[in-house]
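See below for entry.tsv, which holds TSV, C-alpha atoms.
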chain	number	residue	atom	x	y	z
V	764	MET	CA	0.00	0.00	0.00
V	765	LYS	CA	1.31	3.38	-0.93
V	766	LYS	CA	1.82	5.66	2.03
V	767	GLU	CA	-0.27	8.80	2.03
V	768	VAL	CA	1.79	11.93	1.68
V	769	ARG	CA	0.69	15.17	3.33
V	770	VAL	CA	2.10	18.62	2.81
V	771	LEU	CA	2.52	20.72	5.95
V	772	GLU	CA	2.86	24.42	5.36
V	773	ILE	CA	5.27	25.87	7.86
V	774	LYS	CA	6.28	29.29	6.56
V	775	GLN	CA	8.49	30.30	9.44
V	776	SER	CA	11.98	31.62	9.66
V	777	VAL	CA	14.61	29.02	10.52
V	778	PHE	CA	15.53	31.31	13.39
V	779	ALA	CA	11.98	31.81	14.69
V	780	ASP	CA	12.27	29.16	17.40
V	781	ASN	CA	15.49	30.56	18.69
V	782	ASP	CA	14.16	34.13	18.60
V	783	ARG	CA	11.26	33.07	20.80
V	784	GLN	CA	13.48	31.30	23.31
V	785	ALA	CA	15.82	34.28	23.37
V	786	GLU	CA	13.00	36.73	24.09
V	787	PHE	CA	11.77	34.48	26.88
V	788	LEU	CA	15.24	34.28	28.42
V	789	ARG	CA	15.66	38.05	28.20
V	790	GLN	CA	12.42	38.61	30.12
V	791	GLU	CA	13.42	36.08	32.72
V	792	LEU	CA	16.78	37.75	33.25
V	793	LYS	CA	15.09	41.11	33.57
V	794	GLU	CA	12.85	39.78	36.32
V	795	LYS	CA	15.85	38.31	38.10
V	796	GLY	CA	17.86	41.50	37.73
V	797	VAL	CA	20.64	39.85	35.74
V	798	PHE	CA	22.23	41.88	32.95
V	799	LEU	CA	23.66	39.69	30.19
V	800	LEU	CA	26.22	41.04	27.75
V	801	ASN	CA	26.87	39.07	24.57
V	802	LEU	CA	30.43	39.82	23.51
V	803	MET	CA	31.33	38.92	19.94
V	804	SER	CA	34.28	39.37	17.60
V	805	SER	CA	36.55	37.52	15.22
V	806	PRO	CA	39.27	35.28	16.71
V	807	GLY	CA	42.24	37.20	18.08
V	808	SER	CA	40.62	40.62	18.38
V	809	GLY	CA	41.23	40.73	22.13
V	810	LYS	CA	37.96	39.62	23.71
V	811	THR	CA	39.60	37.91	26.67
V	812	THR	CA	42.09	40.72	27.36
V	813	THR	CA	39.32	43.32	27.13
V	814	LEU	CA	37.17	41.25	29.44
V	815	MET	CA	39.97	40.83	32.00
V	816	ARG	CA	40.44	44.56	32.25
V	817	THR	CA	36.69	45.24	32.29
V	818	ILE	CA	36.24	42.83	35.21
V	819	GLU	CA	39.11	44.54	37.02
V	820	MET	CA	37.35	47.91	36.60
V	821	LEU	CA	33.84	46.80	37.53
V	822	LYS	CA	34.29	44.01	40.05
V	823	ASP	CA	33.66	46.29	43.02
V	824	ARG	CA	30.35	47.48	41.57
V	825	PHE	CA	28.85	44.23	40.27
V	826	LYS	CA	29.05	40.55	41.01
V	827	ILE	CA	30.35	39.33	37.66
V	828	GLY	CA	30.00	35.94	36.02
V	829	VAL	CA	31.56	34.92	32.70
V	830	MET	CA	30.62	32.21	30.22
V	831	GLU	CA	33.43	31.31	27.87
V	832	ALA	CA	32.12	29.71	24.70
V	833	ASP	CA	34.63	27.88	22.54
V	834	ILE	CA	34.66	24.94	20.22
V	835	ASP	CA	37.34	23.36	22.40
V	836	SER	CA	39.88	23.99	25.23
V	837	ASP	CA	39.55	25.91	28.47
V	838	VAL	CA	42.45	28.34	28.09
V	839	ASP	CA	40.19	31.41	28.15
V	840	ALA	CA	38.25	30.22	31.17
V	841	ARG	CA	41.47	29.65	33.06
V	842	THR	CA	42.70	33.12	32.19
V	843	ILE	CA	39.44	34.74	33.27
V	844	SER	CA	39.36	32.77	36.53
V	845	GLU	CA	42.50	34.65	37.57
V	846	SER	CA	40.43	37.84	37.65
V	847	GLY	CA	38.36	36.49	40.51
V	848	ALA	CA	35.13	36.46	38.48
V	849	LYS	CA	32.93	33.40	38.46
V	850	VAL	CA	33.59	31.58	35.21
V	851	ILE	CA	32.28	28.59	33.31
V	852	GLN	CA	33.58	27.11	30.08
V	853	LEU	CA	31.00	26.11	27.49
V	854	HIS	CA	31.93	23.80	24.65
V	855	THR	CA	29.80	24.16	21.57
V	856	GLY	CA	30.79	20.72	20.25
V	857	GLY	CA	32.03	22.01	16.93
V	858	MET	CA	29.27	24.56	16.46
V	859	CYS	CA	30.20	28.06	15.41
V	860	HIS	CA	27.86	30.00	17.69
V	861	LEU	CA	25.73	29.82	20.82
V	862	ASP	CA	21.95	29.90	20.68
V	863	ALA	CA	19.47	30.90	23.35
V	864	GLU	CA	19.06	27.39	24.73
V	865	MET	CA	22.82	26.88	25.13
V	866	THR	CA	23.03	30.28	26.82
V	867	ARG	CA	20.29	29.26	29.23
V	868	GLN	CA	22.20	26.08	30.11
V	869	GLY	CA	25.36	28.12	30.56
V	870	LEU	CA	23.62	30.53	32.92
V	871	ALA	CA	22.27	27.60	34.90
V	872	GLY	CA	25.80	26.21	35.17
V	873	LEU	CA	27.03	29.59	36.32
V	874	GLU	CA	24.40	29.51	39.08
V	875	THR	CA	23.29	33.06	38.42
V	876	GLY	CA	21.74	33.34	41.89
V	877	ASP	CA	24.05	36.14	42.96
V	878	VAL	CA	25.47	37.22	39.58
V	879	GLU	CA	24.41	40.74	38.57
V	880	LEU	CA	26.46	41.19	35.42
V	881	ALA	CA	26.91	38.12	33.24
V	882	VAL	CA	29.10	38.15	30.16
V	883	LEU	CA	28.91	35.63	27.38
V	884	GLU	CA	32.15	35.51	25.43
V	885	ASN	CA	30.77	34.11	22.20
V	886	VAL	CA	32.70	31.96	19.72
V	887	GLY	CA	35.20	34.03	17.72
V	888	ASN	CA	33.31	34.50	14.46
V	889	LEU	CA	31.58	37.43	12.75
V	890	VAL	CA	28.96	35.45	10.84
V	891	CYS	CA	26.90	32.95	12.79
V	892	PRO	CA	26.72	34.55	16.24
V	893	ALA	CA	24.99	37.50	14.58
V	894	GLU	CA	22.14	35.28	13.43
V	895	PHE	CA	21.36	33.58	16.71
V	896	ASP	CA	19.89	35.82	19.38
V	897	THR	CA	21.29	34.60	22.70
V	898	GLY	CA	18.75	36.40	24.86
V	899	ALA	CA	21.34	38.95	25.94
V	900	SER	CA	20.37	42.36	27.33
V	901	ARG	CA	22.93	44.04	25.08
V	902	ASN	CA	25.19	42.98	22.21
V	903	ALA	CA	28.75	44.20	21.98
V	904	MET	CA	31.44	43.45	19.46
V	905	ILE	CA	35.14	44.11	19.21
V	906	LEU	CA	36.82	45.03	15.95
V	907	SER	CA	40.59	45.24	16.24
V	908	VAL	CA	42.71	47.61	14.18
V	909	PRO	CA	44.69	44.90	12.30
V	910	GLU	CA	41.42	43.49	10.91
V	911	GLY	CA	40.85	46.66	8.89
V	912	HIS	CA	38.22	49.40	8.76
V	913	ASP	CA	36.21	47.72	5.99
V	914	LYS	CA	34.83	44.90	8.16
V	915	PRO	CA	31.42	46.60	8.64
V	916	LEU	CA	30.96	46.32	4.87
V	917	LYS	CA	31.90	42.66	4.82
V	918	TYR	CA	29.92	41.53	7.85
V	919	PRO	CA	26.90	43.85	7.79
V	920	LEU	CA	24.61	41.74	9.96
V	921	MET	CA	27.04	41.61	12.87
V	922	PHE	CA	27.40	45.38	12.91
V	923	SER	CA	23.68	45.94	12.53
V	924	ILE	CA	22.76	44.00	15.69
V	925	CYS	CA	25.36	45.53	18.04
V	926	ASP	CA	24.58	48.20	20.60
V	927	VAL	CA	28.24	49.03	20.97
V	928	VAL	CA	31.34	48.46	18.85
V	929	LEU	CA	34.74	48.58	20.54
V	930	ILE	CA	37.65	49.32	18.25
V	931	ASN	CA	40.52	47.60	20.00
V	932	LYS	CA	44.32	47.76	19.70
V	933	ILE	CA	44.41	51.46	18.86
V	934	ASP	CA	48.00	51.51	20.12
V	935	VAL	CA	49.07	49.93	16.80
V	936	LEU	CA	47.19	52.47	14.63
V	937	PRO	CA	50.44	54.03	13.32
V	938	TYR	CA	51.43	50.69	11.77
V	939	PHE	CA	48.21	49.95	9.90
V	940	ASP	CA	46.23	51.67	7.15
V	941	PHE	CA	43.23	51.83	9.42
V	942	ASP	CA	40.94	54.79	8.79
V	943	MET	CA	38.98	55.49	11.99
V	944	ASP	CA	36.59	57.99	10.35
V	945	LYS	CA	35.78	55.58	7.54
V	946	CYS	CA	35.24	52.82	10.06
V	947	ARG	CA	32.74	54.91	12.03
V	948	GLU	CA	31.02	55.87	8.79
V	949	TYR	CA	30.71	52.25	7.67
V	950	ILE	CA	29.41	51.16	11.07
V	951	HIS	CA	26.80	53.92	11.14
V	952	MET	CA	25.74	53.09	7.59
V	953	ARG	CA	24.72	49.66	8.91
V	954	ASN	CA	23.56	50.80	12.30
V	955	PRO	CA	23.06	54.51	13.03
V	956	LYS	CA	22.45	53.81	16.72
V	957	ALA	CA	25.64	51.87	17.44
V	958	LYS	CA	27.99	53.47	19.93
V	959	VAL	CA	31.61	53.32	18.81
V	960	ILE	CA	34.37	53.38	21.42
V	961	PRO	CA	38.07	53.17	20.43
V	962	ILE	CA	40.03	51.32	23.11
V	963	CYS	CA	43.29	49.61	23.85
V	964	ALA	CA	42.73	46.82	26.34
V	965	ARG	CA	46.47	46.39	26.82
V	966	THR	CA	47.28	50.00	27.75
V	967	GLY	CA	43.86	50.86	29.16
V	968	GLU	CA	43.20	53.74	26.78
V	969	GLY	CA	39.47	54.35	26.25
V	970	MET	CA	38.57	51.62	28.73
V	971	GLU	CA	37.05	54.11	31.14
V	972	GLU	CA	34.41	55.16	28.61
V	973	TRP	CA	33.58	51.54	27.85
V	974	ALA	CA	33.37	50.51	31.51
V	975	ASP	CA	31.13	53.52	32.22
V	976	TRP	CA	28.84	52.63	29.32
V	977	LEU	CA	28.57	49.02	30.46
V	978	ALA	CA	28.02	49.95	34.12
V	979	GLU	CA	25.29	52.38	33.16
V	980	GLU	CA	23.51	49.90	30.89
V	981	ALA	CA	23.71	47.17	33.54
V	982	ALA	CA	22.45	49.48	36.28
V	983	ASP	CA	19.57	50.65	34.04
V	984	TRP	CA	18.61	47.08	33.25
V	985	ARG	CA	18.66	46.09	36.89
V	986	ARG	CA	16.51	49.07	37.84
V	987	GLN	CA	13.77	47.79	35.52
V	988	LYS	CA	13.44	44.79	37.83
V	989	GLU	CA	12.22	47.06	40.59
V	990	LYS	CA	9.52	48.62	38.45
J	724	MET	CA	30.37	25.12	9.81
J	725	HIS	CA	27.53	27.59	9.94
J	726	GLU	CA	25.48	25.53	7.51
J	727	LEU	CA	25.81	22.43	9.66
J	728	GLY	CA	24.62	24.39	12.68
J	729	VAL	CA	21.52	25.64	10.88
J	730	VAL	CA	20.81	22.18	9.46
J	731	PHE	CA	20.72	20.78	13.01
J	732	HIS	CA	18.50	23.66	13.99
J	733	ILE	CA	16.06	22.99	11.13
J	734	MET	CA	15.97	19.29	11.92
J	735	ASP	CA	15.20	20.00	15.59
J	736	THR	CA	12.31	22.24	14.56
J	737	LEU	CA	10.97	19.72	12.05
J	738	GLU	CA	11.18	16.85	14.51
J	739	SER	CA	8.72	18.62	16.76
J	740	VAL	CA	6.51	19.56	13.79
J	741	ALA	CA	6.44	15.90	12.68
J	742	GLU	CA	5.60	14.77	16.19
J	743	GLU	CA	2.76	17.28	16.53
J	744	ASN	CA	1.33	16.08	13.21
J	745	LYS	CA	1.86	12.40	14.02
J	746	ALA	CA	4.02	11.85	10.93
J	747	GLU	CA	6.11	8.71	10.53
J	748	GLY	CA	8.69	10.27	8.32
J	749	ILE	CA	9.53	13.26	6.16
J	750	SER	CA	9.90	12.84	2.40
J	751	LYS	CA	10.65	16.40	1.35
J	752	VAL	CA	11.68	19.68	2.95
J	753	VAL	CA	11.30	22.97	1.09
J	754	LEU	CA	13.33	25.96	2.26
J	755	GLU	CA	13.36	29.54	1.03
J	756	LEU	CA	16.77	31.12	0.96
J	757	GLY	CA	17.47	34.78	0.29
J	758	GLU	CA	20.20	35.59	-2.20
J	759	VAL	CA	22.13	37.64	0.39
J	760	SER	CA	21.48	35.53	3.46
J	761	THR	CA	24.66	34.19	5.01
J	762	VAL	CA	23.93	30.62	3.97
J	763	ILE	CA	25.51	29.03	0.89
J	764	GLU	CA	23.18	26.60	-0.84
J	765	SER	CA	25.75	24.02	-1.91
J	766	TYR	CA	27.20	23.81	1.62
J	767	LEU	CA	23.69	23.55	2.97
J	768	GLN	CA	22.97	20.60	0.66
J	769	SER	CA	26.09	18.69	1.65
J	770	CYS	CA	25.56	19.32	5.35
J	771	TRP	CA	21.97	18.16	4.93
J	772	LYS	CA	23.08	14.91	3.28
J	773	TRP	CA	25.52	14.22	6.08
J	774	ALA	CA	23.11	15.01	8.90
J	775	ALA	CA	20.09	13.29	7.34
J	776	LYS	CA	21.84	9.91	7.46
J	777	LYS	CA	22.15	10.23	11.21
J	778	ARG	CA	18.52	11.05	11.96
J	779	GLU	CA	15.83	8.48	11.36
J	780	LEU	CA	13.11	10.92	10.43
J	781	PHE	CA	15.18	12.42	7.62
J	782	THR	CA	16.81	9.41	5.95
J	783	ASP	CA	14.39	9.59	3.00
J	784	ALA	CA	13.95	13.34	2.97
J	785	SER	CA	15.06	15.34	-0.04
J	786	LEU	CA	15.97	18.98	0.40
J	787	VAL	CA	14.65	21.57	-2.03
J	788	VAL	CA	16.01	25.10	-1.76
J	789	GLU	CA	14.09	27.88	-3.47
J	790	MET	CA	16.13	31.03	-3.93
J	791	LEU	CA	14.64	34.48	-3.29
J	792	PRO	CA	16.33	37.29	-5.21
J	793	ALA	CA	17.72	40.22	-3.21
J	794	VAL	CA	15.93	43.52	-3.82
J	795	THR	CA	16.89	46.91	-2.37
J	796	TYR	CA	14.55	49.87	-1.90
J	797	CYS	CA	15.83	53.43	-2.38
J	798	GLU	CA	14.49	56.12	-0.02
J	799	GLY	CA	15.86	58.74	-2.39
J	800	CYS	CA	13.80	57.98	-5.50
J	801	GLY	CA	11.41	55.28	-4.29
J	802	GLN	CA	12.58	52.71	-6.85
J	803	THR	CA	13.77	49.18	-6.24
J	804	TYR	CA	16.81	47.51	-7.79
J	805	PRO	CA	18.72	44.17	-7.67
J	806	THR	CA	21.00	44.26	-4.61
J	807	VAL	CA	23.77	41.94	-5.77
J	808	GLU	CA	24.40	43.87	-8.97
J	809	HIS	CA	24.35	47.40	-7.50
J	810	GLY	CA	25.01	47.08	-3.76
J	811	LYS	CA	24.27	49.86	-1.32
J	812	ILE	CA	24.18	52.79	-3.78
J	813	CYS	CA	21.02	53.32	-5.85
J	814	PRO	CA	21.82	52.95	-9.60
J	815	TYR	CA	19.07	55.44	-10.54
J	816	CYS	CA	19.67	58.42	-8.27
J	817	LYS	CA	23.02	57.46	-6.60
J	818	SER	CA	21.52	57.82	-3.12
J	819	PRO	CA	23.16	55.73	-0.35
J	820	ASP	CA	19.93	55.93	1.65
J	821	THR	CA	18.74	52.44	0.77
J	822	TRP	CA	17.61	49.31	2.58
J	823	LEU	CA	17.12	45.67	1.82
J	824	LEU	CA	13.51	44.88	0.92
J	825	GLN	CA	13.97	41.16	0.42
J	826	GLY	CA	16.88	38.75	0.21
J	827	ASN	CA	18.10	37.85	3.69
J	828	GLU	CA	15.31	35.35	4.37
J	829	PHE	CA	15.90	31.86	5.54
J	830	ASN	CA	12.53	30.15	5.90
J	831	ILE	CA	11.16	26.69	6.22
J	832	LYS	CA	8.40	26.87	3.62
J	833	GLU	CA	6.76	23.47	3.77
J	834	ILE	CA	7.43	19.80	4.26
J	835	GLU	CA	5.98	16.58	2.90
J	836	VAL	CA	5.31	13.96	5.51
J	837	TYR	CA	3.92	10.43	5.50

The structure given in the file should be rewritten as structure tokens.
Amino acid sequence: MKKEVRVLEIKQSVFADNDRQAEFLRQELKEKGVFLLNLMSSPGSGKTTTLMRTIEMLKDRFKIGVMEADIDSDVDARTISESGAKVIQLHTGGMCHLDAEMTRQGLAGLETGDVELAVLENVGNLVCPAEFDTGASRNAMILSVPEGHDKPLKYPLMFSICDVVLINKIDVLPYFDFDMDKCREYIHMRNPKAKVIPICARTGEGMEEWADWLAEEAADWRRQKEK
Amino acid sequence: MHELGVVFHIMDTLESVAEENKAEGISKVVLELGEVSTVIESYLQSCWKWAAKKRELFTDASLVVEMLPAVTYCEGCGQTYPTVEHGKICPYCKSPDTWLLQGNEFNIKEIEVY
């Protein structure tokens, strides 16, 4: 007997499921008073170094927890643990990004009970993490000077979803053909609302402005809990 | 890598759809893919083949990808034009004040189940 075939119309975005879960997680975090920052960038742009210094600057104001997402190894988690912040290493099992469900599991592993500011250091990649909403309160990305000022043109989606773009390694500006004005222009073409902050995580230049921005956003977010 | 991730994601979604509809198996999956989405069709097809062998529900499922052309709208002159050919700048009035009307979609359109 021939099996009966039915057509099921689905008509939904591949990302719809994840978007729903992410929105749910965001609401939950708001009710708990946990601010979650999703930190993205390409490999080697200085995410871990920037994070180390940021924790140093904000650890007296917030209880900080960090989720390190990598395909393999725990080198970043070990580095971050030296800062005194709570840290958990997430392995994506070969996947190039984290989705909302993995983020939820990570937060559970971090035991967010007393964490006020959680940071997700996403997998180093400018493509996929932009497509999967993690449920974060804010999205940040780091573009480092050696990568070039044209990256916003090449990875438009990443730049269009970020609330803040940190331009790292500005201490090496004299050695690269990096045009800061062009870079700002390209970023704002994709995302007029993005805040752009040039920094050098190694020397500390510009880090004050970034830490202030983050502290303010986190405090704002946590105030909404009380409303 | 990205394609494999989204294939897993699609299969997860479809497994629950099949369960809800009490389907025994899936014979065909139709996706809509925008011309300027970040997914490459040929990679998607090979990842699909690899992953389908490992999941019972999908062993007989063929994958059909329908492409949606990318179209940009110009705020300057109100016309639309093909995105891939002309990019961000409007070919009619040279305005950079343009946005993507269609072309970054990635949808599950329909499936055939038995």

Notebook entry, point to check: Counting only C-alpha atoms, which residues of chain V come no farther than 9 Å from chain J, as a ChimeraX atom specification?
Noted result: /V:766-781,857-860,890-891,894,952

Check: Can you tell me how far CA of Lys817 in chain J sits from CA of Gly801 in chain J, in Å to one decimal?
Finding: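 These two atoms are separated by 12.0 Å.
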
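With all atoms listed in the file as the basis for measurement, V:Asp833 is the residue among V:Asp896, V:Asp833, V:Glu874, V:Asp862 that approaches Pro806 in chain V most closely.
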
Note to self: Please report the interatomic distance between CA of Leu821 in chain V and CA of Trp973 in chain V in Å with one decimal.
What the structure shows: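 Going from CA of Leu821 in chain V over to CA of Trp973 in chain V covers 10.8 Å.
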
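Here CA of Thr866 in chain V stands at a distance of 10.5 Å from CA of Glu831 in chain V.
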
Next item on the list: Take the point (24.7, 48.9, 36.4) as written in the file and pick out every residue within 10 Å of it, counting all atoms listed in the file; give the list as an MDAnalysis selection string.
Entry: chainID V and resid 797:798 821 824:825 879:880 975:986

Check: Looking at all atoms listed in the file, which of V:His951, V:Arg965, V:Lys945, V:Arg816 is the one that sits closest to Asn931 in chain V?
Finding: V:Arg965

Next item on the list: Tell me, as a list of chain:residue names, which residues lie within 7 Å of Ala899 in chain V, counting all atoms listed in the file; anything in the same chain fewer than 3 positions away does not count.
Entry: V:Arg789, V:Leu799, V:Leu800, V:Asn801, V:Asn902

Is it possible to get the axis-aligned box enclosing range 814-827 of chain V (all listed atoms, 6 Å extra per side) as lines of an AutoDock Vina configuration file, with centre and edge lengths in Å rounded to one decimal?
center_x = 34.6
center_y = 43.6
center_z = 36.2
size_x = 23.6
size_y = 20.6
size_z = 25.6

Note to self: My list of candidates is V:Val959, V:Leu802, V:Ala903, V:Ala785. Which is closest to Glu864 in chain V when distances are computed with all atoms listed in the file?
What the structure shows: V:Ala785

Taking (40.9, 54.6, 7.9) in the coordinates of the supplied file, I want to know which residues reach to within 12 Å of it, counting all atoms listed in the file; could you give the answer as a short mmCIF file (atom, residue, chain, number, x, y, z; two decimals) with C-alpha atoms, keeping the file's coordinate frame?
data_model
loop_
_atom_site.label_atom_id
_atom_site.label_comp_id
_atom_site.auth_asym_id
_atom_site.auth_seq_id
_atom_site.Cartn_x
_atom_site.Cartn_y
_atom_site.Cartn_z
CA VAL V 908 42.71 47.61 14.18
CA PRO V 909 44.69 44.90 12.30
CA GLU V 910 41.42 43.49 10.91
CA GLY V 911 40.85 46.66 8.89
CA HIS V 912 38.22 49.40 8.76
CA ASP V 913 36.21 47.72 5.99
CA LYS V 914 34.83 44.90 8.16
CA ILE V 933 44.41 51.46 18.86
CA LEU V 936 47.19 52.47 14.63
CA PRO V 937 50.44 54.03 13.32
CA TYR V 938 51.43 50.69 11.77
CA PHE V 939 48.21 49.95 9.90
CA ASP V 940 46.23 51.67 7.15
CA PHE V 941 43.23 51.83 9.42
CA ASP V 942 40.94 54.79 8.79
CA MET V 943 38.98 55.49 11.99
CA ASP V 944 36.59 57.99 10.35
CA LYS V 945 35.78 55.58 7.54
CA CYS V 946 35.24 52.82 10.06
CA ARG V 947 32.74 54.91 12.03
CA GLU V 948 31.02 55.87 8.79
CA TYR V 949 30.71 52.25 7.67
#

Item checked: Surrounding residues of Met904 in chain V excluding itself and chain neighbours under 3 positions, 7 Å, only C-alpha atoms, as number ranges by chain -> V: 802-804, 925, 927-929
